[in-house]
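Contents: one structure, followed by commentary.
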Amino acid sequence: MVAELPVDRMEVDETTTGENGDDNDEEDRSLRIPITSSSSNSTEPLYVEIFPEEMSGIPATKLLQVLKDEKANFSIWADAGLLYMQQKHARQALAVLEEACDLTTITEKSDILHSLAATGIAHLAASNLATGSGGISSNKSSKRNDDPKSELRQRADEKFTKASKIDTFFPMTWIGRGMLLLEKNQFDQARFFFQTTEKQCGLVLPALLGMAAVLFAEKDFKGAQAKYSVAIRQYPEKSGAPARVGLGLSCYKLGQIDRAKAAFKRALEIDPENVEAMVSTAVLDMASLDHTSPKELASQTEKAIKLMSMANLLDSSNAMVQNHLANHYFWKWTQEMNGTVSVTQGSNIISTQYLSLEPGERIRIGTQFETTVVDEVETEDDGNENEVNKYKIHDIWTNESGSLLKVWKKDYDRVITLAKGAYSSTSVDAMRAESLFFLARVYHVREDFDNAHKFYKQACKLSADSGGDDAALTPARFGLAQTLIVQKKYDDAAAQLKLILQISAQATDALALLGLLLVRNPKTLQEGIVQLQKAIELDPLNPNWVILEALALQQHEANYPKALERYKKAIQLLKAKHLTTKSKSKRRQQQQQPQLADAAVIPYDIYANCGVLCHKTNHYEESLQMYGRALEALVATTSNSQAYGTVTLDDKGIQGGRIRHNDNNMFFEYVNTNLPVAQNIVKPTNNEDETDAVNEEESSRRRRWKIQSQVDDIANLAVEVGDHVRCGKDFESEITSIEADGEGVTVELKDEFVYSDESKDYSDETDTGAQQVELEMWVKRENKILEIPKALTIVFNIARLHEAAGRTLAAIELHKAILKRNPAYVNSLLCLACIAVDCGALQESSKWLKLAAQTAPGNPEVLTLVGNLHLSLADWQPAQKVFDTLLVKKVANVEAYASLSLGNIYFATLHLNDKRYARHLQYASDYYKRILTKDPANAYAGNGLGTVLAEKAEIFKAKEVFNRVREVSGDTIADTLVNLGHIYLAQKKHPEALQMYKSYMKRAEDGTTPITSKSRVDDVVDVLMYIAFAYFDWARHTELSNDANAAPADGRYLEAMNYLKLAISKNSKRDIVLKYNLCMTKLQAANCILQKLTRNIPRTVEEVQGALDGLNESFEVVQAILKEKSEGAKVQISTSKLQDFLKHCKANISSAESHLDDEKKRAEEAETEREIRRLAAEAALKEEEIKKALANEKVVREQEERDRKAEAKMKKVEELQVGWKQEQAREAEKKAAAKKKSGPIDDFIVQDNGEDGNDEEEEDGGGGGDDEGKRGDKLFDASDDENDNENDAQKSKAAARKKALEARSKKASKHVEEKDIFGDSDEDGGDDDNGAENKDDDEEGKDKDSQPVSSAKNADLFGESSENDESDEELVAPSKRAADEEEGGDGQPAKKRRVLEEDE
């Protein structure tokens, strides 16, 4: 929205602005027209004065006449036009200025230019008020040649052109040109004219506002804000309200909401009737409402709507105002003041006395319950003036019953009026598109989808043509997609939704709906699921999207488990949402009626879908629970739900359709009959003879119960014969008879009552002393669920579930109950016919099919089942007629099925007549190919074509076709497995064939595949025969090698016999053939066993004995079959075959007996040989054990010897340690004694801790005292210098000797560490492990003994001089060893040296 340019001062007068552009004009003055036609002689000038507020009431024609009569000059004409413009009468101003242009009295150039420019600007102002096309039209072009706006703009252009020809540089013409170009959206050219005006004339107001409008249109909102601000500062009064509106819009676009509100508020203060300011203020106030305060919200909303309504009254042609009001009234509920309604809980009928409602009208009862009026309920006319009108509503009233409830309605008619008025009031495509969207939305709500589609489509087209914001009308495009879906134009709807997502990628509604459309096509299934998952990710707590995803997934069988999971997730979300939003009244209602709580939250169809999915995925118990919840939800949301939930004694059900089976317990309840019954009891004894002696009379007594209460008439009893009753807590039975005698009424039940310990609670003694039990009798009575129309489908699904779960009786009971209440329900008739076929009751099936054909004549499903029944009976001609009839009907799905069945008929009759073999084979092929031509993905037709190819011996082509069928159908056609098995068997690929047969067998036993024979038992028997023959053929194929490679053959014969025995156990009608095949297999297996010796295959006596037994049994069985055949029994095996078998079997029996004798002899010889080998092996084992025992004893002795030596050596080490400690103690005493003496420093004495001491050692412990005294004397002779020099030399020598001694000591220590600490060498034969242990002991000893040792450490630790490590030579004392080592080579004693602890 762009603010209008003020036209109060069109001329450019330099005197209007001062240096700073301040307003210098006075306030608006009145219009004074001098009177020149008067004859008055007054000297004072006379004039007509018109005040501004009077201009609105003066027509332009009268004013023009006055101006002409008085020959007013141009300035007065201009002032008159200006006053009209200020009063917002643009058309009157245009009429005055147009007339002024035609005046011949205007001669001044400036006046002519002024008149032309002003008239052009007036034309532009009038064009803003002109309407577009006048009304809503479906014409594709929204721009017409007779558009009044275009005409006015063209006239304005002509005026500006004339002015430019007179003076090109007239500023007022530039302003007009800029305004014209601005309306034409030619922003660059408009900018040129406005900027030129600013350069030539300065900051004039029209140029400033024009530039601001251009910048706003170019979405330069910051620049527009600056221009509007300059205009307001320069012209605070003349800029007026439009400049403030423009400033407010710019601030709003920049996110400055508070500044925008202030600007609009100031605009209203300046001009209280400014419509743009009113609408903007109202919109901003509604957008900033505080939703936490309901009262304030309602107050502020009402205030904003009043302001907008006032704007509509001021300017009824303002399209923006009308669109806003239309949107408001679309959502607003208006209270009906004429009357109230009354409604009962659980009902969908409302009563009112004065209120009139229309079908399809949307209403709200109370504050939260919204619904739609369905129709008016007819009532009897009793002549009462206060007649009550009743209406049926779409939804059930689940709240508490109430009367005088207020009703709100939506005024859609007002919405339509406002939207149409807005459309007619503007030519702006964007605003007209919005008006059409409001119209379409109303028709959409009213379910008038044709009109809704038309207006949605026009709105989208106008929005696209306007070139505005693409996201502005995405709701209209979404509505268009919805109407296209109603018209089943799914591809077009998907295209519209994709356009929405291109504009708004996070539109969850569009994502979900598009996903639901895409999953319809298997090719776009994954894409559709992705779209739905995107919607869920954007709004994870919305259960609607999860439900849509479940609906999408359930369209394909492979996704059933995922769909079930999504439904359960949706149920959790719905419950959580209900818990967070329910009011206190609803919580109270939930406490009072908990059965309605869950039903009000979860729709019944969600539970029903869950039940179907559980059924399809073989979760039968869970499926039954889901169906039960669906029925509970349906009852709770049905009118008069309390009546459906209440069961009385009169609810016996319909005769022939009563529900009594315990598996159908959700359809009945036990009701107390208030008839206490009693029975005399006999306590059971532990005596078995007495228990067995209970005769029939006692059994009858246990079934008879006497009614304790008074009964006047049996016919009035609450029970009758055939009723299912319960006595006490758990004894259930059926009434077989009711008899009355002189003592009362006796009821006989079908089952006997067995006394138990629990019966003691009800037992009592009679007057005669006999003990009896008295119980309350309860009887089964049906609820009224089957009377609900919507429950019929759920009940039928439960019956189908019973069929799948093997509960056939319960299923039949439900189907009959459905038919008694709805005889035209064909699906139940067809199900009963199918059940009869499965049970082998073909006549019963025929009866149900006849009823179905009478009920729905020509029904394709009925005819199809009739044809299938004929096929199962091998009645080919009647079946062919039925399917020919279906083929003529040309029903899409039925036509393909009929063609397929005809192809199957021709293929099944190939061998009935050899002359017709080729013709029937070609017919079958033609039918299959015809189906594939129309539907290449028809897997059943492909399977049939494969059988034709196999029949033609085109094995490889047939195999390729069958594999392709499995691929296309997802391996759902079980017959393909059997056919592939036959192909593999023909190719002698027995493992593959067996795999195919067993896969089909598994499906046939599970009941997941349709039957192809007369019954499922026959199907299973056929497959068992296929498997047995595959093993039989595999065994014979293995025997062809006739060598040791034929060993597995007998095992395969055994498997064949096992499967044949299993087939015989099914008790089918083909037992004779199966027995003969079993005998043939035993005969072949016996031959295989007898030939093992020639094939170098070992055999046992048991195998030969088993073969002989099998031959004897086979001989007897075949002999019995032959006897039956000779007696006239129907046997499909020829007599010659039976006699040949007996002949071969008898010969093999005699051969097997001789083989058995030989095998027994070989077995005895082998047993003797095995015994000899066993004894020899035992002797060798004992000898080996003796050797091992002797070796172990030797090892033990050697270990004990090593342990003894080690212990002795450890004792020596301990003694050595004690000697070291004594030596250290003596040395310590000597050191202490030496410190007390004084003497000369010896060259070989090493100083310790800075003190001199005599560490010289005596050899015998006492000699050398004189030498020490001498040295002591020299120690104190400090005056002799020579002695000092000698002492220095001796010290240096001593240091050198010390270093040499340390080096030798380290080398010796290293050598000692490398040796065994106990002196054991490898030559001694010591154990390496023991050596390692000794080494570890050595290291441990080192760690423990950290005392210093003498230089003798360089030698062997124990002074060993011999290479024999086991020497027991005594250890030399450390002192003596040290003395020996100090002697020189010539026997002279060497000088001694003390090694201190610090040196070591």
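Chain labels follow the order of the structure tokens: the first chain is A, the next B, and so on; residue numbering restarts at 1 in every chain, and ligands are counted from 1 in their shown order.
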
Fill in: Selection near stretch 410-422 of chain A, 9 Å with only C-alpha atoms, sequence-local residues under 6 positions removed, as a ChimeraX atom specification
/A:135-136,316-323,325-335,361-364,431-432,434-439,442

N, CA and C atoms of the current selection, written as an mmCIF file, in the first residue's frame:
```cif
data_model
loop_
_atom_site.group_PDB
_atom_site.id
_atom_site.type_symbol
_atom_site.label_atom_id
_atom_site.label_comp_id
_atom_site.auth_asym_id
_atom_site.auth_seq_id
_atom_site.Cartn_x
_atom_site.Cartn_y
_atom_site.Cartn_z
ATOM 1 N N GLY A 135 -17.475 -6.238 -11.453
ATOM 2 C CA GLY A 135 -18.067 -7.433 -10.860
ATOM 3 C C GLY A 135 -17.221 -8.654 -11.127
ATOM 4 N N ILE A 136 -17.571 -9.776 -10.465
ATOM 5 C CA ILE A 136 -16.814 -11.013 -10.614
ATOM 6 C C ILE A 136 -17.187 -11.672 -11.922
ATOM 7 N N SER A 316 -16.769 2.626 1.688
ATOM 8 C CA SER A 316 -17.331 1.304 1.381
ATOM 9 C C SER A 316 -16.735 0.693 0.132
ATOM 10 N N SER A 317 -15.926 1.444 -0.588
ATOM 11 C CA SER A 317 -15.297 0.909 -1.793
ATOM 12 C C SER A 317 -13.839 0.529 -1.566
ATOM 13 N N ASN A 318 -13.407 0.525 -0.314
ATOM 14 C CA ASN A 318 -12.022 0.172 -0.004
ATOM 15 C C ASN A 318 -11.910 -1.356 0.058
ATOM 16 N N ALA A 319 -11.258 -1.927 -0.947
ATOM 17 C CA ALA A 319 -11.168 -3.384 -1.048
ATOM 18 C C ALA A 319 -10.378 -3.992 0.096
ATOM 19 N N MET A 320 -9.349 -3.306 0.556
ATOM 20 C CA MET A 320 -8.523 -3.857 1.631
ATOM 21 C C MET A 320 -9.342 -4.010 2.905
ATOM 22 N N VAL A 321 -10.173 -2.997 3.205
ATOM 23 C CA VAL A 321 -11.005 -3.065 4.397
ATOM 24 C C VAL A 321 -12.005 -4.215 4.278
ATOM 25 N N GLN A 322 -12.612 -4.324 3.141
ATOM 26 C CA GLN A 322 -13.617 -5.366 2.963
ATOM 27 C C GLN A 322 -13.000 -6.762 3.034
ATOM 28 N N ASN A 323 -11.812 -6.940 2.498
ATOM 29 C CA ASN A 323 -11.156 -8.253 2.593
ATOM 30 C C ASN A 323 -10.843 -8.611 4.036
ATOM 31 N N LEU A 325 -12.412 -7.564 6.703
ATOM 32 C CA LEU A 325 -13.665 -7.878 7.381
ATOM 33 C C LEU A 325 -14.202 -9.242 6.933
ATOM 34 N N ALA A 326 -14.065 -9.558 5.655
ATOM 35 C CA ALA A 326 -14.511 -10.871 5.185
ATOM 36 C C ALA A 326 -13.750 -11.989 5.877
ATOM 37 N N ASN A 327 -12.462 -11.831 6.040
ATOM 38 C CA ASN A 327 -11.660 -12.839 6.739
ATOM 39 C C ASN A 327 -12.077 -12.948 8.198
ATOM 40 N N HIS A 328 -12.392 -11.795 8.814
ATOM 41 C CA HIS A 328 -12.813 -11.814 10.220
ATOM 42 C C HIS A 328 -14.134 -12.548 10.395
ATOM 43 N N TYR A 329 -15.099 -12.236 9.580
ATOM 44 C CA TYR A 329 -16.421 -12.847 9.744
ATOM 45 C C TYR A 329 -16.425 -14.308 9.300
ATOM 46 N N PHE A 330 -15.430 -14.732 8.525
ATOM 47 C CA PHE A 330 -15.342 -16.153 8.183
ATOM 48 C C PHE A 330 -15.049 -16.986 9.427
ATOM 49 N N TRP A 331 -14.261 -16.445 10.335
ATOM 50 C CA TRP A 331 -13.890 -17.186 11.540
ATOM 51 C C TRP A 331 -14.768 -16.859 12.744
ATOM 52 N N LYS A 332 -15.496 -15.774 12.682
ATOM 53 C CA LYS A 332 -16.238 -15.321 13.860
ATOM 54 C C LYS A 332 -17.529 -16.103 14.033
ATOM 55 N N TRP A 333 -17.768 -16.498 15.291
ATOM 56 C CA TRP A 333 -19.052 -17.113 15.652
ATOM 57 C C TRP A 333 -19.978 -16.008 16.158
ATOM 58 N N THR A 334 -21.173 -15.971 15.623
ATOM 59 C CA THR A 334 -22.159 -14.969 16.020
ATOM 60 C C THR A 334 -23.267 -15.654 16.798
ATOM 61 N N GLN A 335 -23.526 -15.161 17.982
ATOM 62 C CA GLN A 335 -24.533 -15.793 18.827
ATOM 63 C C GLN A 335 -25.933 -15.512 18.291
ATOM 64 N N GLU A 361 -25.584 -26.130 7.520
ATOM 65 C CA GLU A 361 -25.152 -24.936 8.249
ATOM 66 C C GLU A 361 -24.232 -25.340 9.401
ATOM 67 N N ARG A 362 -23.189 -24.558 9.569
ATOM 68 C CA ARG A 362 -22.223 -24.810 10.634
ATOM 69 C C ARG A 362 -22.653 -24.090 11.900
ATOM 70 N N ILE A 363 -22.744 -24.803 13.021
ATOM 71 C CA ILE A 363 -23.158 -24.195 14.278
ATOM 72 C C ILE A 363 -22.207 -24.613 15.385
ATOM 73 N N ARG A 364 -22.298 -23.869 16.483
ATOM 74 C CA ARG A 364 -21.532 -24.211 17.681
ATOM 75 C C ARG A 364 -22.465 -24.169 18.869
ATOM 76 N N MET A 431 -5.288 -8.037 -4.730
ATOM 77 C CA MET A 431 -6.415 -7.886 -3.808
ATOM 78 C C MET A 431 -7.648 -8.621 -4.329
ATOM 79 N N ARG A 432 -7.832 -8.623 -5.626
ATOM 80 C CA ARG A 432 -8.964 -9.356 -6.190
ATOM 81 C C ARG A 432 -8.775 -10.862 -5.991
ATOM 82 N N GLU A 434 -7.291 -12.215 -3.477
ATOM 83 C CA GLU A 434 -7.618 -12.478 -2.074
ATOM 84 C C GLU A 434 -9.123 -12.536 -1.871
ATOM 85 N N SER A 435 -9.869 -11.666 -2.543
ATOM 86 C CA SER A 435 -11.333 -11.682 -2.437
ATOM 87 C C SER A 435 -11.891 -12.994 -2.973
ATOM 88 N N LEU A 436 -11.373 -13.453 -4.093
ATOM 89 C CA LEU A 436 -11.829 -14.725 -4.650
ATOM 90 C C LEU A 436 -11.505 -15.890 -3.720
ATOM 91 N N PHE A 437 -10.376 -15.814 -3.043
ATOM 92 C CA PHE A 437 -10.008 -16.867 -2.093
ATOM 93 C C PHE A 437 -11.009 -16.945 -0.940
ATOM 94 N N PHE A 438 -11.453 -15.769 -0.444
ATOM 95 C CA PHE A 438 -12.450 -15.779 0.629
ATOM 96 C C PHE A 438 -13.765 -16.369 0.143
ATOM 97 N N LEU A 439 -14.141 -16.076 -1.077
ATOM 98 C CA LEU A 439 -15.359 -16.656 -1.636
ATOM 99 C C LEU A 439 -15.236 -18.173 -1.758
ATOM 100 N N VAL A 442 -15.608 -20.070 1.528
ATOM 101 C CA VAL A 442 -16.978 -20.226 2.014
ATOM 102 C C VAL A 442 -17.678 -21.369 1.293
#
```

Worksheet item: What lies within 10 Å of A:Pro522 using only C-alpha atoms, ignoring chain neighbours under 4 positions off, as an MDAnalysis selection string?
Response: chainID A and resid 518 526:528 555:556

Practice prompt. Write out as a ChimeraX atom specification all residues of stretch 359-597 of chain A that backbone DSSP assigns to helix (DSSP H, G or I).
Written response: /A:412-425,429-445,449-466,474-486,490-503,508-518,522-538,543-553,557-581,584-592,594-597

Worksheet entry | Coordinates-based distance that separates atom CA of A:Arg807 from atom CA of A:Val725 (Å, one decimal) |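 Calculated distance between atom CA of A:Val725 and atom CA of A:Arg807 is 21.6 Å.
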
Worksheet entry | Distance query A:Val978 at most 10 Å, only C-alpha atoms, self and fewer than 5 positions along chain excluded, as a list in words | Ile973, Ile983, Tyr984, Ala993, Leu994, Gln995, Met996, Tyr997, Lys998, Ser999, Tyr1000, Met1001, Val1023 and Tyr1026 of chain A

Worksheet, complete the sentence: In terms of only C-alpha atoms, the residue from A:Val1017, A:Phe667, A:Ala576, A:Leu851 at minimal distance from A:Val795 is A:Phe667

Item to complete: Write out as a PyMOL selection string the residues lying within 9 Å of A:Ser56, counting only C-alpha atoms and excluding same-chain residues fewer than 2 positions away.
Response: chain A and resi 52-54+58-59+84+87-89

Keeping only all heavy atoms, take the residues you just selected and write them out as an mmCIF file, in the first residue's frame.
```cif
data_model
loop_
_atom_site.group_PDB
_atom_site.id
_atom_site.type_symbol
_atom_site.label_atom_id
_atom_site.label_comp_id
_atom_site.auth_asym_id
_atom_site.auth_seq_id
_atom_site.Cartn_x
_atom_site.Cartn_y
_atom_site.Cartn_z
ATOM 1 N N PRO A 52 -14.659 25.632 4.105
ATOM 2 C CA PRO A 52 -14.254 24.280 3.677
ATOM 3 C C PRO A 52 -15.243 23.195 4.044
ATOM 4 O O PRO A 52 -15.496 22.281 3.268
ATOM 5 C CB PRO A 52 -12.908 24.092 4.383
ATOM 6 C CG PRO A 52 -12.384 25.473 4.591
ATOM 7 C CD PRO A 52 -13.600 26.343 4.844
ATOM 8 N N GLU A 53 -15.808 23.277 5.269
ATOM 9 C CA GLU A 53 -16.744 22.221 5.676
ATOM 10 C C GLU A 53 -18.041 22.247 4.889
ATOM 11 O O GLU A 53 -18.811 21.283 4.928
ATOM 12 C CB GLU A 53 -17.032 22.318 7.172
ATOM 13 C CG GLU A 53 -17.634 23.645 7.607
ATOM 14 C CD GLU A 53 -16.573 24.689 7.966
ATOM 15 O OE1 GLU A 53 -15.381 24.454 7.638
ATOM 16 O OE2 GLU A 53 -16.922 25.684 8.592
ATOM 17 N N GLU A 54 -18.272 23.363 4.162
ATOM 18 C CA GLU A 54 -19.489 23.471 3.369
ATOM 19 C C GLU A 54 -19.314 22.905 1.954
ATOM 20 O O GLU A 54 -20.295 22.719 1.238
ATOM 21 C CB GLU A 54 -19.940 24.923 3.268
ATOM 22 C CG GLU A 54 -20.311 25.532 4.609
ATOM 23 C CD GLU A 54 -20.653 27.009 4.500
ATOM 24 O OE1 GLU A 54 -20.301 27.617 3.465
ATOM 25 O OE2 GLU A 54 -21.246 27.534 5.438
ATOM 26 N N ILE A 58 -22.030 21.136 -1.468
ATOM 27 C CA ILE A 58 -22.270 21.956 -2.663
ATOM 28 C C ILE A 58 -21.923 21.132 -3.883
ATOM 29 O O ILE A 58 -20.771 20.728 -4.064
ATOM 30 C CB ILE A 58 -21.416 23.236 -2.628
ATOM 31 C CG1 ILE A 58 -21.784 24.065 -1.377
ATOM 32 C CG2 ILE A 58 -21.619 24.044 -3.898
ATOM 33 C CD1 ILE A 58 -20.904 25.281 -1.208
ATOM 34 N N PRO A 59 -22.907 20.870 -4.767
ATOM 35 C CA PRO A 59 -22.590 20.126 -5.982
ATOM 36 C C PRO A 59 -21.637 20.929 -6.864
ATOM 37 O O PRO A 59 -21.651 22.154 -6.884
ATOM 38 C CB PRO A 59 -23.948 19.941 -6.647
ATOM 39 C CG PRO A 59 -24.948 20.146 -5.561
ATOM 40 C CD PRO A 59 -24.361 21.156 -4.634
ATOM 41 N N TYR A 84 -12.260 21.066 -2.879
ATOM 42 C CA TYR A 84 -12.927 19.791 -3.142
ATOM 43 C C TYR A 84 -11.973 18.609 -2.885
ATOM 44 O O TYR A 84 -12.357 17.583 -2.323
ATOM 45 C CB TYR A 84 -13.420 19.750 -4.584
ATOM 46 C CG TYR A 84 -14.833 20.273 -4.772
ATOM 47 C CD1 TYR A 84 -15.108 21.260 -5.716
ATOM 48 C CD2 TYR A 84 -15.884 19.754 -4.021
ATOM 49 C CE1 TYR A 84 -16.404 21.743 -5.883
ATOM 50 C CE2 TYR A 84 -17.177 20.229 -4.191
ATOM 51 C CZ TYR A 84 -17.436 21.212 -5.116
ATOM 52 O OH TYR A 84 -18.714 21.683 -5.279
ATOM 53 N N GLN A 87 -11.502 17.892 0.736
ATOM 54 C CA GLN A 87 -12.665 17.226 1.316
ATOM 55 C C GLN A 87 -12.881 15.820 0.736
ATOM 56 O O GLN A 87 -13.922 15.220 0.964
ATOM 57 C CB GLN A 87 -13.907 18.087 1.079
ATOM 58 C CG GLN A 87 -13.861 19.440 1.774
ATOM 59 C CD GLN A 87 -13.698 19.323 3.276
ATOM 60 O OE1 GLN A 87 -14.327 18.466 3.911
ATOM 61 N NE2 GLN A 87 -12.870 20.186 3.854
ATOM 62 N N LYS A 88 -11.882 15.340 -0.052
ATOM 63 C CA LYS A 88 -11.900 13.982 -0.624
ATOM 64 C C LYS A 88 -13.044 13.795 -1.604
ATOM 65 O O LYS A 88 -13.686 12.744 -1.662
ATOM 66 C CB LYS A 88 -11.970 12.930 0.477
ATOM 67 C CG LYS A 88 -10.796 12.999 1.425
ATOM 68 C CD LYS A 88 -10.863 11.946 2.504
ATOM 69 C CE LYS A 88 -9.671 12.054 3.438
ATOM 70 N NZ LYS A 88 -9.734 11.068 4.537
ATOM 71 N N HIS A 89 -13.263 14.847 -2.387
ATOM 72 C CA HIS A 89 -14.246 14.788 -3.472
ATOM 73 C C HIS A 89 -13.476 15.007 -4.766
ATOM 74 O O HIS A 89 -13.515 16.076 -5.365
ATOM 75 C CB HIS A 89 -15.343 15.830 -3.290
ATOM 76 C CG HIS A 89 -16.200 15.598 -2.073
ATOM 77 N ND1 HIS A 89 -17.146 14.601 -2.010
ATOM 78 C CD2 HIS A 89 -16.248 16.223 -0.867
ATOM 79 C CE1 HIS A 89 -17.746 14.617 -0.824
ATOM 80 N NE2 HIS A 89 -17.213 15.610 -0.110
#
```

Worksheet entry | Selection near A:Asp741, 12 Å with only C-alpha atoms, sequence-local residues under 4 positions removed, as a PyMOL selection string | chain A and resi 706-707+711-714+745-747
